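Enquirer: Sharing data-v6.txt, compact mmCIF, C-alpha atoms and all ligand atoms:
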# COMPACT_ATOMS: atom_id res chain seq x y z
CA MET A 167 -16.90 6.04 -18.27
CA ASN A 168 -13.34 7.03 -18.87
CA GLN A 169 -11.72 4.16 -20.78
CA LYS A 170 -7.98 4.46 -21.17
CA THR A 171 -5.26 2.00 -21.99
CA SER A 172 -1.70 2.61 -20.91
CA THR A 173 1.42 0.58 -20.35
CA VAL A 174 1.83 -0.85 -16.87
CA PHE A 175 5.42 -1.09 -15.70
CA GLU A 176 7.02 -3.38 -13.13
CA GLU A 177 9.95 -1.79 -11.35
CA LYS A 178 12.19 -2.11 -8.34
CA ALA A 179 11.86 1.16 -6.49
CA LYS A 180 14.17 2.61 -3.84
CA VAL A 181 12.80 4.08 -0.62
CA ILE A 182 13.82 7.75 -0.45
CA SER A 183 11.86 8.54 2.71
CA HIS A 184 9.20 6.90 4.82
CA LYS A 185 7.51 9.20 7.34
CA GLU A 186 5.22 7.94 10.06
CA TYR A 187 2.27 10.05 11.26
CA ALA A 188 -0.26 9.53 14.03
CA ASP A 189 -2.40 6.39 14.12
CA GLN A 190 -0.28 4.25 11.80
CA GLN A 191 -0.45 6.60 8.83
CA PHE A 192 2.58 6.81 6.54
CA VAL A 193 3.87 8.82 3.59
CA LEU A 194 6.24 6.79 1.43
CA THR A 195 8.49 8.39 -1.19
CA LEU A 196 10.02 6.04 -3.76
CA LYS A 197 12.52 6.54 -6.52
CA ALA A 198 10.54 4.83 -9.29
CA PRO A 199 11.45 6.43 -12.64
CA LYS A 200 8.86 4.60 -14.73
CA SER A 201 5.96 5.41 -12.43
CA ALA A 202 7.25 8.95 -11.93
CA SER A 203 7.25 9.67 -15.64
CA LYS A 204 3.79 8.23 -16.28
CA ALA A 205 1.58 8.37 -13.16
CA LYS A 206 -1.54 10.53 -13.40
CA PRO A 207 -4.07 11.44 -10.70
CA GLY A 208 -6.46 8.58 -9.91
CA GLU A 209 -4.09 5.88 -11.11
CA PHE A 210 -2.58 3.49 -8.60
CA ALA A 211 0.36 1.18 -8.04
CA PHE A 212 0.20 -2.46 -6.97
CA ILE A 213 2.88 -2.81 -4.33
CA ASP A 214 4.72 -5.92 -3.19
CA CYS A 215 4.59 -6.19 0.60
CA GLY A 216 7.27 -8.88 0.95
CA GLU A 217 7.56 -12.62 0.57
CA ASN A 218 5.07 -13.43 3.36
CA HIS A 219 2.31 -11.63 1.47
CA LEU A 220 1.19 -13.34 -1.69
CA LEU A 221 -1.09 -10.48 -2.68
CA ARG A 222 0.23 -7.03 -3.44
CA ARG A 223 -1.65 -4.01 -2.10
CA PRO A 224 -3.10 -1.21 -4.28
CA LEU A 225 -2.17 2.36 -3.30
CA SER A 226 -3.09 5.54 -5.17
CA TYR A 227 -0.34 7.87 -6.21
CA LEU A 228 -0.29 10.94 -3.98
CA ARG A 229 2.19 12.82 -6.19
CA ASN A 230 4.73 12.22 -8.88
CA ASN A 231 7.84 14.20 -9.59
CA ALA A 232 9.22 13.38 -13.01
CA SER A 233 12.23 15.66 -12.57
CA ASN A 234 13.64 13.66 -9.64
CA ASN A 235 12.02 10.32 -10.56
CA THR A 236 9.99 10.00 -7.37
CA VAL A 237 6.43 9.09 -6.50
CA GLU A 238 4.66 9.44 -3.16
CA PHE A 239 1.99 7.36 -1.46
CA MET A 240 -0.01 7.95 1.70
CA TYR A 241 -1.46 4.97 3.51
CA LYS A 242 -2.84 3.70 6.77
CA ILE A 243 -2.17 0.18 8.05
CA LEU A 244 -5.29 -1.98 8.08
CA GLY A 245 -3.75 -5.44 8.20
CA PRO A 246 -0.56 -7.45 7.72
CA GLY A 247 0.31 -6.36 4.15
CA LEU A 248 0.65 -2.65 4.84
CA GLU A 249 2.07 -3.46 8.28
CA ALA A 250 4.94 -5.22 6.46
CA LEU A 251 5.26 -2.31 4.01
CA SER A 252 5.53 0.11 6.93
CA LYS A 253 8.79 -1.55 8.03
CA LEU A 254 10.62 -0.35 4.90
CA LYS A 255 13.52 1.95 5.68
CA GLN A 256 15.30 4.59 3.62
CA GLY A 257 17.51 2.80 1.06
CA ASP A 258 15.41 -0.40 0.98
CA HIS A 259 13.89 -1.59 -2.27
CA VAL A 260 10.33 -2.58 -3.10
CA ASN A 261 8.71 -3.96 -6.25
CA LEU A 262 5.73 -2.21 -7.68
CA MET A 263 3.51 -2.40 -10.74
CA GLY A 264 2.00 0.74 -12.16
CA PRO A 265 0.52 3.05 -13.15
CA ILE A 266 -2.74 1.06 -13.21
CA GLY A 267 -6.34 2.13 -13.85
CA ASN A 268 -8.20 4.73 -15.86
CA GLY A 269 -7.42 7.65 -13.53
CA PHE A 270 -9.43 10.86 -13.58
CA SER A 271 -10.36 12.20 -16.97
CA LEU A 272 -8.42 15.42 -17.50
CA GLU A 273 -10.25 16.41 -20.65
CA ASP A 274 -12.66 18.97 -19.19
CA PRO A 275 -10.70 22.20 -18.65
CA VAL A 276 -13.76 24.46 -18.79
CA LYS A 277 -15.24 22.88 -15.66
CA GLN A 278 -14.68 24.12 -12.12
CA PRO A 279 -13.04 21.16 -10.34
CA VAL A 280 -14.07 20.38 -6.76
CA MET A 281 -12.23 17.66 -4.86
CA ILE A 282 -13.79 15.74 -1.98
CA GLY A 283 -11.49 13.30 -0.17
CA GLY A 284 -11.92 11.26 2.97
CA GLY A 285 -9.19 9.50 4.98
CA VAL A 286 -6.96 7.36 2.78
CA GLY A 287 -9.09 8.52 -0.16
CA ILE A 288 -7.38 11.91 0.01
CA PRO A 289 -4.26 10.99 -2.06
CA PRO A 290 -5.78 10.72 -5.56
CA VAL A 291 -7.87 13.89 -5.26
CA LEU A 292 -5.09 15.91 -3.65
CA PHE A 293 -2.84 14.78 -6.51
CA LEU A 294 -5.54 15.86 -9.00
CA ALA A 295 -5.89 19.35 -7.47
CA GLU A 296 -2.12 19.94 -7.49
CA TYR A 297 -1.75 18.46 -10.98
CA LEU A 298 -4.49 20.63 -12.52
CA LYS A 299 -3.07 23.76 -10.91
CA GLN A 300 0.47 23.00 -12.03
CA CYS A 301 -0.69 22.26 -15.60
CA ASN A 302 -2.79 25.41 -15.81
CA GLU A 303 -2.23 28.36 -13.47
CA ALA A 304 -5.69 29.73 -14.35
CA CYS A 305 -7.43 26.59 -13.07
CA GLN A 306 -8.97 27.19 -9.62
CA PRO A 307 -9.60 23.81 -7.97
CA ILE A 308 -11.40 23.82 -4.63
CA ALA A 309 -10.66 20.95 -2.26
CA PHE A 310 -12.47 19.64 0.82
CA PHE A 311 -10.84 16.86 2.82
CA GLY A 312 -12.14 15.04 5.88
CA SER A 313 -10.43 12.77 8.38
CA GLU A 314 -11.05 11.53 11.89
CA LEU A 315 -7.32 10.87 12.34
CA PRO A 316 -4.79 13.72 12.44
CA PHE A 317 -4.13 14.74 8.82
CA PRO A 318 -0.74 13.28 7.76
CA PHE A 319 0.30 16.54 6.11
CA ALA A 320 1.80 19.83 7.24
CA LEU A 321 -1.13 22.15 7.99
CA THR A 322 -1.44 25.91 8.01
CA GLN A 323 -4.06 28.68 8.15
CA SER A 324 -5.44 29.67 4.77
CA ASN A 325 -5.53 33.18 3.37
CA ILE A 326 -7.73 32.07 0.49
CA ASN A 327 -11.40 32.79 1.00
CA ILE A 328 -14.02 30.15 0.17
CA ALA A 329 -17.50 31.66 -0.10
CA GLY A 330 -20.00 30.08 2.27
CA VAL A 331 -17.36 28.54 4.58
CA LYS A 332 -16.97 30.16 7.99
CA LYS A 333 -13.77 32.14 8.63
CA GLU A 334 -12.98 30.07 11.74
CA ASN A 335 -12.76 26.89 9.62
CA ASN A 336 -9.65 28.01 7.78
CA THR A 337 -7.13 25.23 8.40
CA THR A 338 -5.66 23.91 5.17
CA ILE A 339 -2.84 21.74 3.84
CA GLN A 340 0.40 23.67 3.40
CA SER A 341 1.23 22.28 -0.06
CA MET A 342 -2.22 23.35 -1.31
CA GLU A 343 -1.89 26.86 0.13
CA LYS A 344 1.54 27.23 -1.49
CA LEU A 345 0.01 26.40 -4.86
CA ASP A 346 -2.81 28.89 -4.24
CA ILE A 347 -5.43 26.12 -4.13
CA ALA A 348 -8.48 26.80 -1.97
CA CYS A 349 -8.82 23.95 0.51
CA ARG A 350 -10.62 23.29 3.79
CA LEU A 351 -10.61 20.38 6.21
CA SER A 352 -13.35 18.72 8.22
CA SER A 353 -13.33 16.38 11.20
CA PHE A 354 -15.47 15.35 14.13
CA SER A 355 -12.22 14.97 16.11
CA ASN A 356 -12.09 18.61 17.20
CA PHE A 357 -8.95 19.55 15.23
CA GLU A 358 -8.17 23.27 15.31
CA GLY A 359 -9.64 25.23 12.40
CA CYS A 360 -11.39 22.19 10.89
CA TYR A 361 -15.11 22.20 10.17
CA PRO A 362 -16.76 20.02 12.84
CA GLY A 363 -18.91 17.91 10.53
CA TYR A 364 -18.94 15.86 7.34
CA VAL A 365 -16.70 16.86 4.46
CA THR A 366 -19.71 16.85 2.13
CA GLU A 367 -21.34 19.57 4.29
CA LEU A 368 -18.34 21.82 3.63
CA ALA A 369 -18.76 21.29 -0.10
CA ASP A 370 -22.49 21.93 0.24
CA GLN A 371 -21.82 25.29 1.97
CA TRP A 372 -19.85 26.43 -1.06
CA LEU A 373 -22.18 24.95 -3.69
CA ARG A 374 -25.23 26.69 -2.16
CA GLY A 375 -23.80 30.09 -3.14
CA LEU A 376 -23.62 29.24 -6.87
CA THR A 377 -26.15 30.04 -9.56
CA LYS A 378 -27.60 27.26 -11.70
CA GLU A 379 -25.30 28.34 -14.56
CA GLU A 380 -22.25 28.27 -12.28
CA LYS A 381 -23.21 24.80 -11.04
CA GLY A 382 -23.31 23.67 -14.66
CA GLU A 383 -19.56 24.36 -14.77
CA VAL A 384 -18.75 22.34 -11.63
CA ILE A 385 -17.38 18.82 -11.62
CA ILE A 386 -16.80 16.91 -8.36
CA TYR A 387 -14.02 14.34 -8.03
CA ALA A 388 -14.24 12.18 -4.91
CA CYS A 389 -12.47 9.33 -3.19
CA GLY A 390 -13.04 7.99 0.31
CA PRO A 391 -15.07 5.55 2.35
CA GLU A 392 -18.27 4.20 0.82
CA PRO A 393 -20.69 6.28 2.95
CA MET A 394 -18.79 9.43 1.91
CA LEU A 395 -19.04 8.44 -1.75
CA ALA A 396 -22.78 7.84 -1.39
CA ALA A 397 -23.22 11.22 0.34
CA THR A 398 -21.10 12.92 -2.34
CA SER A 399 -23.17 11.38 -5.07
CA LYS A 400 -26.35 12.61 -3.39
CA LEU A 401 -24.86 16.09 -2.97
CA ALA A 402 -23.89 16.23 -6.63
CA TYR A 403 -27.34 15.10 -7.69
CA SER A 404 -29.09 17.64 -5.46
CA HIS A 405 -27.07 20.49 -6.98
CA GLY A 406 -27.22 19.08 -10.51
CA VAL A 407 -23.43 18.86 -10.91
CA ASP A 408 -21.28 16.20 -12.58
CA CYS A 409 -19.47 13.81 -10.28
CA LYS A 410 -16.73 11.19 -10.66
CA LEU A 411 -15.93 8.69 -7.93
CA SER A 412 -12.75 6.70 -7.39
CA LEU A 413 -13.63 3.32 -5.86
CA GLU A 414 -11.63 1.00 -3.65
CA GLU A 415 -12.09 -2.76 -3.80
CA PHE A 416 -10.07 -5.70 -2.58
CA MET A 417 -7.72 -6.69 -5.44
CA ALA A 418 -5.95 -9.96 -6.18
CA CYS A 419 -4.33 -9.36 -9.59
CA ALA A 420 -4.93 -5.68 -10.57
CA ILE A 421 -4.58 -6.56 -14.26
CA GLY A 422 -8.14 -7.53 -15.04
CA GLY A 423 -7.61 -11.30 -14.87
CA CYS A 424 -9.34 -12.53 -11.71
CA ALA A 425 -12.63 -10.59 -11.61
CA GLY A 426 -12.14 -10.28 -7.83
CA CYS A 427 -12.70 -6.53 -7.89
CA THR A 428 -15.90 -6.33 -9.93
CA VAL A 429 -18.69 -3.92 -9.05
CA LYS A 430 -22.15 -3.54 -10.51
CA VAL A 431 -22.57 -0.40 -12.59
CA TYR A 432 -25.74 1.04 -14.06
CA LEU A 433 -25.24 2.29 -17.61
CA PRO A 434 -27.81 3.76 -20.03
CA GLU A 435 -27.81 0.40 -21.84
CA GLY A 436 -28.38 -1.56 -18.60
CA GLU A 437 -26.53 -3.13 -15.68
CA ALA A 438 -22.99 -4.41 -16.15
CA MET A 439 -20.17 -5.81 -14.03
CA LYS A 440 -16.97 -3.76 -14.23
CA ARG A 441 -13.51 -4.43 -12.83
CA VAL A 442 -12.35 -1.64 -10.53
CA CYS A 443 -8.68 -2.32 -11.38
CA VAL A 444 -8.79 -1.86 -15.15
CA ASP A 445 -12.25 -0.42 -15.96
CA GLY A 446 -11.88 1.95 -12.98
CA PRO A 447 -11.10 2.89 -10.31
CA VAL A 448 -12.86 6.09 -11.51
CA PHE A 449 -16.54 5.81 -12.44
CA ASP A 450 -19.38 8.25 -13.06
CA ALA A 451 -21.26 8.67 -9.77
CA ILE A 452 -24.57 8.12 -11.53
CA SER A 453 -23.39 4.68 -12.70
CA ILE A 454 -22.62 3.61 -9.12
CA TYR A 455 -25.52 5.32 -7.33
CA PRO A 456 -28.28 5.58 -9.95
CA ASN A 457 -31.05 6.31 -7.45
CA GLU A 458 -29.66 9.32 -5.63
CA SER A 459 -32.83 11.25 -6.34
CA ASP A 460 -34.72 8.89 -3.95
C1 LIG B 1 -7.40 1.67 -6.34
C2 LIG B 1 -7.12 1.66 -4.86
C3 LIG B 1 -6.37 2.68 -4.30
C4 LIG B 1 -6.10 2.69 -2.93
N1 LIG B 1 -5.35 3.70 -2.42
C5 LIG B 1 -5.05 3.69 -1.10
C6 LIG B 1 -4.23 4.71 -0.57
O1 LIG B 1 -3.77 5.63 -1.27
N2 LIG B 1 -3.92 4.66 0.75
C7 LIG B 1 -4.42 3.65 1.57
O2 LIG B 1 -4.13 3.63 2.77
N3 LIG B 1 -5.21 2.69 1.07
C8 LIG B 1 -5.52 2.67 -0.23
N4 LIG B 1 -6.30 1.67 -0.73
C9 LIG B 1 -6.79 0.63 0.18
C10 LIG B 1 -5.66 -0.33 0.48
O3 LIG B 1 -5.26 -0.97 -0.72
C11 LIG B 1 -6.12 -1.37 1.48
O4 LIG B 1 -6.48 -0.72 2.67
C12 LIG B 1 -4.95 -2.30 1.76
O5 LIG B 1 -4.82 -3.19 0.68
C13 LIG B 1 -5.13 -3.03 3.03
O6 LIG B 1 -3.98 -3.83 3.19
P1 LIG B 1 -3.55 -4.31 4.63
O7 LIG B 1 -2.45 -5.30 4.43
O8 LIG B 1 -3.27 -3.16 5.52
O9 LIG B 1 -4.85 -5.01 5.18
P2 LIG B 1 -5.49 -6.37 4.72
O10 LIG B 1 -5.11 -7.44 5.66
O11 LIG B 1 -5.30 -6.60 3.27
O12 LIG B 1 -6.99 -5.96 4.95
C14 LIG B 1 -7.52 -5.71 6.24
C15 LIG B 1 -9.03 -5.76 6.11
O13 LIG B 1 -9.50 -4.67 5.32
C16 LIG B 1 -10.39 -5.13 4.30
N5 LIG B 1 -9.91 -4.55 3.04
C17 LIG B 1 -8.67 -4.62 2.52
N6 LIG B 1 -8.59 -3.97 1.38
C18 LIG B 1 -9.80 -3.45 1.16
C19 LIG B 1 -10.34 -2.66 0.12
N7 LIG B 1 -9.61 -2.24 -0.91
N8 LIG B 1 -11.63 -2.33 0.20
C20 LIG B 1 -12.38 -2.73 1.24
N9 LIG B 1 -11.91 -3.46 2.25
C21 LIG B 1 -10.64 -3.83 2.21
C22 LIG B 1 -10.31 -6.63 4.25
O14 LIG B 1 -11.62 -7.11 4.36
C23 LIG B 1 -9.50 -7.03 5.42
O15 LIG B 1 -10.28 -7.71 6.37
C24 LIG B 1 -6.59 1.63 -2.10
C25 LIG B 1 -7.35 0.61 -2.66
C26 LIG B 1 -7.62 0.62 -4.03
C27 LIG B 1 -8.42 -0.49 -4.61
S1 LIG B 2 -8.09 -7.45 -9.19
FE1 LIG B 2 -8.18 -9.11 -10.60
S2 LIG B 2 -9.60 -8.34 -12.08
FE2 LIG B 2 -9.33 -6.65 -10.76
Go ahead and express the file in the form of structure tokens.

Expert:
Amino acid sequence: MNQKTSTVFEEKAKVISHKEYADQQFVLTLKAPKSASKAKPGEFAFIDCGENHLLRRPLSYLRNNASNNTVEFMYKILGPGLEALSKLKQGDHVNLMGPIGNGFSLEDPVKQPVMIGGGVGIPPVLFLAEYLKQCNEACQPIAFFGSELPFPFALTQSNINIAGVKKENNTTIQSMEKLDIACRLSSFSNFEGCYPGYVTELADQWLRGLTKEEKGEVIIYACGPEPMLAATSKLAYSHGVDCKLSLEEFMACAIGGCAGCTVKVYLPEGEAMKRVCVDGPVFDAISIYPNESD
């Protein structure tokens, strides 16, 4: 497990833009210099949703931009907290705590990174793909994202081939294409150019073309709904590739004090309870789903 300690900042951030997309999805850009200078992929912020909401809400960073002091988040309203957040207008202020969590381990440059993201689990893995590419031009991340709602990003047709994936499934996210990152989208909602199935099937199509040695170089990073994480874990196991999962749990404090976010993990030394907020949110897939060979 990736254990990391870093300073968590509290800051009053200014809303730079707040774009609404279909089905109550939003992309929020905040001027938050402390977060912007420190946030790494897989870390999250704990965001104040106003005085009527005692509990803050955790949101993963979608991007940071240290040169203009901004961070971005992508979210979908589930209940009253994010509903209140969605009312923020350009120029408003919001308190946030962050960056929190272990984030993805970035120590493995020899591996071939593969991102699998579903729905509101897309932000941390999209951030990771862009981050790795920007840090190292030679890195060739491959990303597969699935959503049943219209993707809250500008889309385009990709000119980057992904072996095993049909030519007609070539819709991608514009920001990924611009960075020369191979990316494909999946949905059962009949969106143009998207693979009509599960996002894990897209990843499987590509993995099937690799040799055993090539698979030894692959590492999957995933975030999304629980069934997608379970399927991803199974996929990774079946191909014999490493896999890291970013988990989501309901959080009350996000600083490790309340134990409200604990999950059971299976370690070589036995079972243990770990807090998703400070021990995670990123865990080895095998520690969450130890029986994926079944
Ligand atoms: C580390 C982390 C990163 C996250 N990143 C994002 C992100 O980038 N974008 C995004 O849209 N969402 C993200 N989430 C989920 C998001 O925090 C919750 O959806 C949000 O708190 C819901 O707030 P709400 O006010 O809309 O609904 P609430 O009223 O708080 O919740 C509505 C219902 O959803 C259930 N619920 C709420 N939170 C969770 C949860 N975390 N897990 C399971 N069930 C829950 C509750 O049972 C409740 O009944 C993240 C969660 C975690 C832990
Ligand atoms: S939310 Fe309190 S310990 Fe994690």

Enquirer: Please list as an MDAnalysis selection string every residue within 12 Å of Leu294 in chain A, counting only C-alpha atoms and excluding residues in the same chain fewer than 5 positions away.

Expert: chainID A and resid 205:209 226:230 269:272 279:283 288:289 299:301 305:309 342 347 386:389 412

Enquirer: For a quick check of understanding, using all atoms listed in the file, which of A:Lys430, A:Arg222, A:Thr377, A:Leu298 has the smallest distance to Phe416 in chain A?

Expert: A:Arg222

Enquirer: Could you list, as a list in words, all protein and nucleic acid residues with an atom at most 6 Å from ligand LIG 2 (chain B), counting only C-alpha atoms and all ligand atoms?

Expert: Met417, Ala418, Cys419, Ala420, Ile421, Gly422, Gly423, Cys424, Ala425, Gly426, Cys427, Arg441, Val442 and Cys443 of chain A

Enquirer: Output C-alpha atoms of each residue in that selection to a file, as a compact mmCIF listing (two decimals), in the frame of the given file.

Expert:
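Result file again06.txt:
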# COMPACT_ATOMS: atom_id res chain seq x y z
CA MET A 417 -7.72 -6.69 -5.44
CA ALA A 418 -5.95 -9.96 -6.18
CA CYS A 419 -4.33 -9.36 -9.59
CA ALA A 420 -4.93 -5.68 -10.57
CA ILE A 421 -4.58 -6.56 -14.26
CA GLY A 422 -8.14 -7.53 -15.04
CA GLY A 423 -7.61 -11.30 -14.87
CA CYS A 424 -9.34 -12.53 -11.71
CA ALA A 425 -12.63 -10.59 -11.61
CA GLY A 426 -12.14 -10.28 -7.83
CA CYS A 427 -12.70 -6.53 -7.89
CA ARG A 441 -13.51 -4.43 -12.83
CA VAL A 442 -12.35 -1.64 -10.53
CA CYS A 443 -8.68 -2.32 -11.38

Enquirer: Can you tell me which residues come within 7 Å of ligand LIG 1 (chain B) when counting all atoms listed in the file, ideally as a list in words?

Expert: Phe210, Arg223, Pro224, Leu225, Ser226, Tyr227, Leu228, Phe239, Met240, Tyr241, Lys242, Ile243, Leu244, Gly245, Pro246, Gly247, Leu248, Glu249, Val286, Gly287, Pro289, Pro290, Leu413, Glu414, Glu415, Phe416, Met417, Cys443 and Pro447 of chain A

Enquirer: Just the residues within 9 Å of Ser313 in chain A, please, counting only C-alpha atoms, with nothing from its chain fewer than 4 positions along; format it as a ChimeraX atom specification.

Expert: /A:283-286,288,317,351-355,365

Enquirer: Suppose you want the space between CA of Gly406 in chain A and CA of Lys381 in chain A; what is it in Å?

Expert: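 One can read the CA of Gly406 in chain A to CA of Lys381 in chain A distance as 7.0 Å.
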